$ cat data13.cif   # mmCIF, C-alpha atoms
data_target
loop_
_atom_site.group_PDB
_atom_site.id
_atom_site.type_symbol
_atom_site.label_atom_id
_atom_site.label_comp_id
_atom_site.auth_asym_id
_atom_site.auth_seq_id
_atom_site.Cartn_x
_atom_site.Cartn_y
_atom_site.Cartn_z
ATOM 1 C CA GLN B 8 22.818 6.028 49.469
ATOM 2 C CA GLN B 9 20.286 5.190 46.770
ATOM 3 C CA GLN B 10 17.524 7.024 48.639
ATOM 4 C CA VAL B 11 15.851 10.214 47.486
ATOM 5 C CA LYS B 12 14.241 12.221 50.257
ATOM 6 C CA GLN B 13 11.232 14.423 49.516
ATOM 7 C CA SER B 14 9.395 17.036 51.540
ATOM 8 C CA PRO B 15 6.828 18.042 52.510
ATOM 9 C CA GLN B 16 4.654 14.948 52.589
ATOM 10 C CA SER B 17 1.597 17.090 51.914
ATOM 11 C CA LEU B 18 1.107 20.703 50.918
ATOM 12 C CA ILE B 19 -1.909 22.991 50.839
ATOM 13 C CA VAL B 20 -1.676 26.155 48.764
ATOM 14 C CA GLN B 21 -4.181 28.843 47.857
ATOM 15 C CA LYS B 22 -5.015 29.379 44.200
ATOM 16 C CA GLY B 23 -2.459 31.715 42.673
ATOM 17 C CA GLY B 24 0.195 30.861 45.239
ATOM 18 C CA ILE B 25 3.583 29.227 44.798
ATOM 19 C CA SER B 26 3.978 25.524 45.561
ATOM 20 C CA ILE B 27 7.475 24.378 46.480
ATOM 21 C CA ILE B 28 8.521 20.743 46.837
ATOM 22 C CA ASN B 29 12.033 19.800 47.827
ATOM 23 C CA CYS B 30 14.140 16.713 47.228
ATOM 24 C CA ALA B 31 17.575 15.671 48.398
ATOM 25 C CA TYR B 32 19.906 12.851 47.458
ATOM 26 C CA GLU B 33 23.206 11.391 48.624
ATOM 27 C CA ASN B 34 24.555 9.514 45.638
ATOM 28 C CA THR B 35 26.648 11.940 43.591
ATOM 29 C CA ALA B 36 26.464 9.520 40.665
ATOM 30 C CA PHE B 37 22.857 10.569 40.055
ATOM 31 C CA ASP B 38 22.770 12.752 36.971
ATOM 32 C CA TYR B 39 19.184 12.891 35.761
ATOM 33 C CA PHE B 40 16.358 14.281 37.857
ATOM 34 C CA PRO B 41 12.782 14.080 36.573
ATOM 35 C CA TRP B 42 9.568 15.119 38.282
ATOM 36 C CA TYR B 43 6.353 13.205 37.843
ATOM 37 C CA GLN B 44 2.747 14.259 38.447
ATOM 38 C CA GLN B 45 0.163 11.662 39.365
ATOM 39 C CA PHE B 46 -3.591 12.138 39.491
ATOM 40 C CA PRO B 47 -5.795 9.642 41.339
ATOM 41 C CA GLY B 48 -6.396 6.513 39.283
ATOM 42 C CA LYS B 49 -3.707 7.427 36.773
ATOM 43 C CA GLY B 50 -0.079 6.549 36.302
ATOM 44 C CA PRO B 51 2.634 9.136 36.930
ATOM 45 C CA ALA B 52 3.232 11.500 34.018
ATOM 46 C CA LEU B 53 6.567 13.137 33.315
ATOM 47 C CA LEU B 54 6.335 16.828 34.158
ATOM 48 C CA ILE B 55 9.809 18.244 33.781
ATOM 49 C CA ALA B 56 13.379 16.992 34.114
ATOM 50 C CA ILE B 57 16.826 18.446 34.671
ATOM 51 C CA ARG B 58 20.438 17.362 34.360
ATOM 52 C CA PRO B 59 23.123 18.607 36.776
ATOM 53 C CA ASP B 60 24.875 20.764 34.207
ATOM 54 C CA VAL B 61 22.177 23.431 34.612
ATOM 55 C CA SER B 62 20.924 25.127 37.764
ATOM 56 C CA GLU B 63 17.411 25.875 36.643
ATOM 57 C CA LYS B 64 14.906 24.743 34.043
ATOM 58 C CA LYS B 65 11.556 26.338 33.416
ATOM 59 C CA GLU B 66 8.591 25.023 31.489
ATOM 60 C CA GLY B 67 5.513 27.198 31.727
ATOM 61 C CA ARG B 68 4.514 27.542 35.366
ATOM 62 C CA PHE B 69 6.851 24.739 36.450
ATOM 63 C CA THR B 70 10.489 25.355 37.390
ATOM 64 C CA ILE B 71 13.155 22.997 38.653
ATOM 65 C CA SER B 72 15.977 24.494 40.694
ATOM 66 C CA PHE B 73 19.062 22.357 41.125
ATOM 67 C CA ASN B 74 21.840 22.814 43.672
ATOM 68 C CA LYS B 75 24.591 20.348 42.864
ATOM 69 C CA SER B 76 26.818 21.207 45.824
ATOM 70 C CA ALA B 77 23.967 20.761 48.294
ATOM 71 C CA LYS B 78 22.654 17.705 46.432
ATOM 72 C CA GLN B 79 19.199 19.185 46.434
ATOM 73 C CA PHE B 80 16.617 20.000 43.808
ATOM 74 C CA SER B 81 13.192 21.490 44.009
ATOM 75 C CA LEU B 82 10.018 21.963 42.013
ATOM 76 C CA HIS B 83 8.308 25.339 42.003
ATOM 77 C CA ILE B 84 4.775 25.683 40.694
ATOM 78 C CA MET B 85 3.949 29.299 40.063
ATOM 79 C CA ASP B 86 0.364 30.606 40.049
ATOM 80 C CA SER B 87 -0.848 27.270 41.412
ATOM 81 C CA GLN B 88 -4.264 26.170 40.158
ATOM 82 C CA PRO B 89 -6.818 23.699 41.553
ATOM 83 C CA GLY B 90 -6.050 21.507 38.528
ATOM 84 C CA ASP B 91 -2.503 21.137 39.842
ATOM 85 C CA SER B 92 -3.840 19.198 42.814
ATOM 86 C CA ALA B 93 -2.048 15.859 42.496
ATOM 87 C CA THR B 94 0.781 13.837 43.960
ATOM 88 C CA TYR B 95 4.243 14.848 42.817
ATOM 89 C CA PHE B 96 7.244 12.523 42.781
ATOM 90 C CA CYS B 97 10.850 13.499 42.309
ATOM 91 C CA ALA B 98 13.261 10.898 40.981
ATOM 92 C CA ALA B 99 16.912 10.402 40.216
ATOM 93 C CA SER B 100 18.857 8.082 37.995
ATOM 94 C CA ILE B 101 22.436 7.185 37.263
ATOM 95 C CA ARG B 102 24.084 7.579 33.899
ATOM 96 C CA ASP B 103 24.728 3.984 33.065
ATOM 97 C CA TYR B 104 22.910 1.310 31.165
ATOM 98 C CA GLY B 105 21.046 0.482 34.338
ATOM 99 C CA GLN B 106 18.621 3.400 34.129
ATOM 100 C CA ASN B 107 17.760 2.684 37.723
ATOM 101 C CA PHE B 108 15.266 5.338 38.734
ATOM 102 C CA VAL B 109 14.916 6.012 42.424
ATOM 103 C CA PHE B 110 11.718 7.792 43.381
ATOM 104 C CA GLY B 111 11.003 10.029 46.332
ATOM 105 C CA PRO B 112 8.009 9.114 48.512
ATOM 106 C CA GLY B 113 5.771 11.771 46.955
ATOM 107 C CA THR B 114 4.079 15.030 47.957
ATOM 108 C CA ARG B 115 0.333 15.373 47.909
ATOM 109 C CA LEU B 116 -0.507 18.903 46.742
ATOM 110 C CA SER B 117 -3.910 20.444 47.276
ATOM 111 C CA VAL B 118 -4.618 23.832 45.708
ATOM 112 C CA LEU B 119 -7.624 25.517 47.236
ATOM 113 C CA PRO B 120 -9.924 27.564 44.966
ATOM 114 C CA GLU L 3 1.518 8.019 19.612
ATOM 115 C CA ALA L 4 -0.136 5.404 21.793
ATOM 116 C CA GLY L 5 1.026 5.408 25.376
ATOM 117 C CA VAL L 6 1.897 2.514 27.647
ATOM 118 C CA THR L 7 -1.094 0.226 28.002
ATOM 119 C CA GLN L 8 -1.696 -2.153 30.860
ATOM 120 C CA SER L 9 -4.255 -4.889 31.355
ATOM 121 C CA PRO L 10 -6.361 -5.693 33.151
ATOM 122 C CA THR L 11 -7.344 -2.441 34.841
ATOM 123 C CA HIS L 12 -8.464 -4.274 37.948
ATOM 124 C CA LEU L 13 -7.749 -7.772 39.170
ATOM 125 C CA ILE L 14 -9.243 -9.481 42.193
ATOM 126 C CA LYS L 15 -7.605 -12.595 43.559
ATOM 127 C CA THR L 16 -7.565 -14.594 46.760
ATOM 128 C CA ARG L 17 -4.600 -15.513 48.906
ATOM 129 C CA GLY L 18 -2.419 -18.210 47.413
ATOM 130 C CA GLN L 19 -3.540 -17.644 43.849
ATOM 131 C CA GLN L 20 -1.384 -16.443 40.992
ATOM 132 C CA ALA L 21 -1.776 -13.181 39.082
ATOM 133 C CA THR L 22 -0.578 -12.179 35.624
ATOM 134 C CA LEU L 23 -0.384 -8.534 34.631
ATOM 135 C CA ARG L 24 0.392 -7.357 31.119
ATOM 136 C CA CYS L 25 2.061 -4.303 29.640
ATOM 137 C CA SER L 26 2.553 -2.967 26.120
ATOM 138 C CA PRO L 27 5.252 -0.305 25.836
ATOM 139 C CA ILE L 28 5.285 2.760 23.644
ATOM 140 C CA SER L 29 6.242 1.861 20.087
ATOM 141 C CA GLY L 30 10.015 2.002 19.718
ATOM 142 C CA HIS L 31 10.721 1.548 23.412
ATOM 143 C CA THR L 32 12.697 -1.552 24.295
ATOM 144 C CA SER L 33 12.884 -1.165 28.070
ATOM 145 C CA VAL L 34 10.003 -2.045 30.360
ATOM 146 C CA TYR L 35 9.908 -1.401 34.099
ATOM 147 C CA TRP L 36 7.526 -2.662 36.730
ATOM 148 C CA TYR L 37 6.742 -0.808 39.970
ATOM 149 C CA GLN L 38 4.543 -1.511 42.948
ATOM 150 C CA GLN L 39 2.649 1.382 44.485
ATOM 151 C CA ALA L 40 0.898 0.472 47.681
ATOM 152 C CA LEU L 41 -1.982 2.728 48.729
ATOM 153 C CA GLY L 42 -0.698 6.165 49.651
ATOM 154 C CA LEU L 43 2.920 5.155 49.201
ATOM 155 C CA GLY L 44 5.632 5.826 46.662
ATOM 156 C CA LEU L 45 6.843 3.720 43.781
ATOM 157 C CA GLN L 46 8.865 0.651 44.643
ATOM 158 C CA PHE L 47 10.968 -0.704 41.793
ATOM 159 C CA LEU L 48 10.233 -4.330 40.937
ATOM 160 C CA LEU L 49 11.804 -5.347 37.656
ATOM 161 C CA TRP L 50 13.501 -3.967 34.564
ATOM 162 C CA TYR L 51 13.513 -5.757 31.216
ATOM 163 C CA ASP L 52 15.367 -4.721 28.100
ATOM 164 C CA GLU L 53 15.729 -6.557 24.819
ATOM 165 C CA GLY L 54 14.049 -9.597 26.307
ATOM 166 C CA GLU L 55 16.398 -9.903 29.261
ATOM 167 C CA GLU L 56 15.883 -9.177 32.947
ATOM 168 C CA ARG L 57 18.407 -6.418 33.675
ATOM 169 C CA ASN L 58 17.665 -5.637 37.291
ATOM 170 C CA ARG L 59 15.219 -6.420 40.053
ATOM 171 C CA GLY L 60 14.245 -4.641 43.231
ATOM 172 C CA ASN L 61 14.049 -5.973 46.749
ATOM 173 C CA PHE L 62 11.089 -8.290 46.224
ATOM 174 C CA PRO L 63 10.782 -12.043 46.814
ATOM 175 C CA PRO L 64 11.245 -14.500 43.920
ATOM 176 C CA ARG L 65 7.507 -15.085 43.663
ATOM 177 C CA PHE L 66 7.496 -11.790 41.755
ATOM 178 C CA SER L 67 8.733 -12.594 38.270
ATOM 179 C CA GLY L 68 8.120 -11.655 34.701
ATOM 180 C CA ARG L 69 9.290 -11.734 31.177
ATOM 181 C CA GLN L 70 9.561 -9.634 28.063
ATOM 182 C CA PHE L 71 8.425 -10.889 24.705
ATOM 183 C CA PRO L 72 10.075 -10.342 21.291
ATOM 184 C CA ASN L 73 7.626 -7.491 20.579
ATOM 185 C CA TYR L 74 8.868 -5.850 23.828
ATOM 186 C CA SER L 75 5.581 -6.308 25.650
ATOM 187 C CA SER L 76 5.910 -7.698 29.125
ATOM 188 C CA GLU L 77 4.046 -9.566 31.779
ATOM 189 C CA LEU L 78 4.455 -9.600 35.534
ATOM 190 C CA ASN L 79 3.615 -12.768 37.413
ATOM 191 C CA VAL L 80 2.985 -12.865 41.119
ATOM 192 C CA ASN L 81 2.727 -16.317 42.675
ATOM 193 C CA ALA L 82 1.352 -17.383 46.046
ATOM 194 C CA LEU L 83 -0.456 -14.068 46.487
ATOM 195 C CA GLU L 84 -0.471 -12.505 49.926
ATOM 196 C CA LEU L 85 -2.746 -9.807 51.330
ATOM 197 C CA GLU L 86 0.172 -7.357 51.348
ATOM 198 C CA ASP L 87 0.467 -7.703 47.570
ATOM 199 C CA SER L 88 -2.630 -5.548 47.178
ATOM 200 C CA ALA L 89 -1.391 -2.488 45.324
ATOM 201 C CA LEU L 90 -1.341 -0.591 42.069
ATOM 202 C CA TYR L 91 1.185 -2.172 39.711
ATOM 203 C CA LEU L 92 2.626 0.295 37.266
ATOM 204 C CA CYS L 93 4.471 -0.434 34.077
ATOM 205 C CA ALA L 94 6.749 2.094 32.422
ATOM 206 C CA SER L 95 8.717 2.053 29.212
ATOM 207 C CA SER L 96 11.647 3.961 27.820
ATOM 208 C CA SER L 97 14.127 3.806 25.011
ATOM 209 C CA SER L 98 17.314 1.962 25.813
ATOM 210 C CA TYR L 99 19.478 5.066 25.719
ATOM 211 C CA SER L 100 20.902 6.213 29.008
ATOM 212 C CA ASN L 101 18.782 8.456 31.177
ATOM 213 C CA GLN L 102 15.749 8.615 28.967
ATOM 214 C CA PRO L 103 12.513 9.396 30.780
ATOM 215 C CA GLN L 104 10.210 6.605 31.744
ATOM 216 C CA HIS L 105 6.622 6.837 30.547
ATOM 217 C CA PHE L 106 4.002 5.148 32.702
ATOM 218 C CA GLY L 107 0.766 3.336 32.057
ATOM 219 C CA ASP L 108 -2.237 3.804 34.329
ATOM 220 C CA GLY L 109 -1.563 0.581 36.175
ATOM 221 C CA THR L 110 -3.353 -2.558 37.246
ATOM 222 C CA ARG L 111 -5.087 -2.441 40.591
ATOM 223 C CA LEU L 112 -4.535 -5.825 42.220
ATOM 224 C CA SER L 113 -6.748 -6.629 45.184
ATOM 225 C CA ILE L 114 -6.166 -9.694 47.316
ATOM 226 C CA LEU L 115 -9.119 -10.956 49.326
#

$ encode --input "data13.cif" --output "structure tokens"
Amino acid sequence: QQQVKQSPQSLIVQKGGISIINCAYENTAFDYFPWYQQFPGKGPALLIAIRPDVSEKKEGRFTISFNKSAKQFSLHIMDSQPGDSATYFCAASIRDYGQNFVFGPGTRLSVLP
Amino acid sequence: EAGVTQSPTHLIKTRGQQATLRCSPISGHTSVYWYQQALGLGLQFLLWYDEGEERNRGNFPPRFSGRQFPNYSSELNVNALELEDSALYLCASSSSYSNQPQHFGDGTRLSIL
């Protein structure tokens, strides 16, 4: 029940295309959903995050869509660029002092020039 | 603002030895988290420290341990190293408020020969 599922495992997109990564969870106690971007040799960096009281959050070319009833959330990267090529992790945490983040297994995105 | 810093960058050990990894959190952050990221895999939660206390630990054997110092820096100790311990060890920090994002360092690459 603590698991966060993420798909696809890898994704290849042409420059200018839309990249879509999906995550799903079971534990309805999760109430904070961040996305992290990780380049090779670097630690994950916070990209964008959403709370379940909103259905969508947009920051530049990155958008999170959240479907509370389906317990799913997704990351959309518009106008994908080769510089976006990285591994993306979704995560979820529970609103308590535990701050236990559960991470998805990651999606390796390759944007072709 | 300085980010999370980890040392050393790389560490090479042999089976049975002990390894010590260090982490300095972002100034003002009191929580420190440790994760293991095996090659090509996701982030596995190891330990969470806050205000000098161990608050939670993941599903790892007791030979993985650590501590947090009064200045909120932390160290991770791994005893009786095994080949399977080869991984990138990531440290993250956050404020102690609920559901604050975790900010990661670039990790320590531990290689067991």

$ interface_residues --input "data13.cif" --of "chain L" --to "chain B" --cutoff "8 Å" --atoms "all atoms listed in the file" --output "PyMOL selection string"
chain L and resi 43-47+57-58+92+98-109

$ residues_around --input "data13.cif" --residues "segment 75-77 of chain B" --least-positions-apart "3" --cutoff "10 Å" --atoms "all atoms listed in the file" --output "ChimeraX atom specification"
/B:31-33,35,38,58-62,72,80

$ write_last_selection --input "data13.cif" --atoms "C-alpha atoms" --output "short mmCIF file (atom, residue, chain, number, x, y, z; two decimals), in the coordinates of the input"
data_model
loop_
_atom_site.label_atom_id
_atom_site.label_comp_id
_atom_site.auth_asym_id
_atom_site.auth_seq_id
_atom_site.Cartn_x
_atom_site.Cartn_y
_atom_site.Cartn_z
CA ALA B 31 17.58 15.67 48.40
CA TYR B 32 19.91 12.85 47.46
CA GLU B 33 23.21 11.39 48.62
CA THR B 35 26.65 11.94 43.59
CA ASP B 38 22.77 12.75 36.97
CA ARG B 58 20.44 17.36 34.36
CA PRO B 59 23.12 18.61 36.78
CA ASP B 60 24.88 20.76 34.21
CA VAL B 61 22.18 23.43 34.61
CA SER B 62 20.92 25.13 37.76
CA SER B 72 15.98 24.49 40.69
CA PHE B 80 16.62 20.00 43.81
#

$ closest_residue --input "data13.cif" --among "L:Glu86, L:Gly54, L:Ser33, L:Ala94" --to "Gly18 of chain L" --atoms "all atoms listed in the file"
L:Glu86

$ closest_atom_pairs --input "data13.cif" --of "segment 56-108 of chain L" --to "segment 3-17 of chain L" --cutoff "12 Å" --atoms "only C-alpha atoms" --output "JSON lines"
{"residue": "L:Tyr74", "atom": "CA", "partner": "L:Val6", "partner_atom": "CA", "distance": 11.5}
{"residue": "L:Ser75", "atom": "CA", "partner": "L:Thr7", "partner_atom": "CA", "distance": 9.6}
{"residue": "L:Ser76", "atom": "CA", "partner": "L:Gln8", "partner_atom": "CA", "distance": 9.6}
{"residue": "L:Glu77", "atom": "CA", "partner": "L:Gln8", "partner_atom": "CA", "distance": 9.4}
{"residue": "L:Leu78", "atom": "CA", "partner": "L:Gln8", "partner_atom": "CA", "distance": 10.7}
{"residue": "L:Val80", "atom": "CA", "partner": "L:Lys15", "partner_atom": "CA", "distance": 10.9}
{"residue": "L:Asn81", "atom": "CA", "partner": "L:Arg17", "partner_atom": "CA", "distance": 9.7}
{"residue": "L:Ala82", "atom": "CA", "partner": "L:Arg17", "partner_atom": "CA", "distance": 6.9}
{"residue": "L:Leu83", "atom": "CA", "partner": "L:Arg17", "partner_atom": "CA", "distance": 5.0}
{"residue": "L:Glu84", "atom": "CA", "partner": "L:Arg17", "partner_atom": "CA", "distance": 5.2}
{"residue": "L:Leu85", "atom": "CA", "partner": "L:Arg17", "partner_atom": "CA", "distance": 6.5}
{"residue": "L:Glu86", "atom": "CA", "partner": "L:Arg17", "partner_atom": "CA", "distance": 9.8}
{"residue": "L:Asp87", "atom": "CA", "partner": "L:Arg17", "partner_atom": "CA", "distance": 9.4}
{"residue": "L:Ser88", "atom": "CA", "partner": "L:Ile14", "partner_atom": "CA", "distance": 9.2}
{"residue": "L:Ala89", "atom": "CA", "partner": "L:Leu13", "partner_atom": "CA", "distance": 10.3}
{"residue": "L:Leu90", "atom": "CA", "partner": "L:His12", "partner_atom": "CA", "distance": 9.0}
{"residue": "L:Tyr91", "atom": "CA", "partner": "L:Gln8", "partner_atom": "CA", "distance": 9.3}
{"residue": "L:Leu92", "atom": "CA", "partner": "L:Gln8", "partner_atom": "CA", "distance": 8.1}
{"residue": "L:Cys93", "atom": "CA", "partner": "L:Gln8", "partner_atom": "CA", "distance": 7.2}
{"residue": "L:Ala94", "atom": "CA", "partner": "L:Val6", "partner_atom": "CA", "distance": 6.8}
{"residue": "L:Ser95", "atom": "CA", "partner": "L:Val6", "partner_atom": "CA", "distance": 7.0}
{"residue": "L:Ser96", "atom": "CA", "partner": "L:Val6", "partner_atom": "CA", "distance": 9.9}
{"residue": "L:Gln104", "atom": "CA", "partner": "L:Val6", "partner_atom": "CA", "distance": 10.1}
{"residue": "L:His105", "atom": "CA", "partner": "L:Val6", "partner_atom": "CA", "distance": 7.0}
{"residue": "L:Phe106", "atom": "CA", "partner": "L:Val6", "partner_atom": "CA", "distance": 6.1}
{"residue": "L:Gly107", "atom": "CA", "partner": "L:Val6", "partner_atom": "CA", "distance": 4.6}
{"residue": "L:Asp108", "atom": "CA", "partner": "L:Gln8", "partner_atom": "CA", "distance": 6.9}

$ closest_residue --input "data13.cif" --among "B:Ser26, B:Ser117, B:Asn74, B:Gln44" --to "Ala98 of chain B" --atoms "only C-alpha atoms"
B:Gln44

$ atom_distance --input "data13.cif" --atom1 "atom CA of Trp50 of chain L" --atom2 "atom CA of Ala93 of chain B"
26.4 Å

$ axis_aligned_box --input "data13.cif" --around "segment 40-55 of chain B" --padding-each-side "5 Å" --output "AutoDock Vina command-line options"
--center_x 5.0 --center_y 12.4 --center_z 37.3 --size_x 32.8 --size_y 21.7 --size_z 18.0

$ atom_distance --input "data13.cif" --atom1 "atom CA of Leu54 of chain B" --atom2 "atom CA of Gln13 of chain B"
16.3 Å

$ atom_distance --input "data13.cif" --atom1 "atom CA of Val11 of chain B" --atom2 "atom CA of Asn29 of chain B"
10.3 Å

$ closest_residue --input "data13.cif" --among "B:Gly90, B:Pro120, B:Gly67, B:Pro15" --to "Cys30 of chain B" --atoms "all atoms listed in the file"
B:Pro15

$ closest_residue --input "data13.cif" --among "B:Gln10, B:Val118, B:Phe73, B:Ile25" --to "Pro89 of chain B" --atoms "all atoms listed in the file"
B:Val118

$ resolve_selection --input "data13.cif" --expression "the PyMOL selection byres ((chain B and resi 85) around 6)" --output "ChimeraX atom specification"
/B:25,68,84,86-87

$ resolve_selection --input "data13.cif" --expression "the PyMOL selection byres ((chain B and resi 71) around 7)" --output "compact mmCIF listing (two decimals) with C-alpha atoms, in the frame of the given file"
# COMPACT_ATOMS: atom_id res chain seq x y z
CA GLU B 63 17.41 25.88 36.64
CA LYS B 64 14.91 24.74 34.04
CA LYS B 65 11.56 26.34 33.42
CA PHE B 69 6.85 24.74 36.45
CA THR B 70 10.49 25.36 37.39
CA SER B 72 15.98 24.49 40.69
CA PHE B 73 19.06 22.36 41.12
CA PHE B 80 16.62 20.00 43.81
CA SER B 81 13.19 21.49 44.01
CA LEU B 82 10.02 21.96 42.01
CA HIS B 83 8.31 25.34 42.00

$ resolve_selection --input "data13.cif" --expression "the PyMOL selection byres ((chain B and resi 21) around 7)" --output "list in words"
Ile19, Val20, Lys22, Gly23, Gly24, Val118, Leu119 and Pro120 of chain B

$ residues_near_point --input "data13.cif" --point "(4.2, -14.7, 36.6)" --cutoff "9 Å" --atoms "all atoms listed in the file" --output "ChimeraX atom specification"
/L:20-23,65-69,77-81
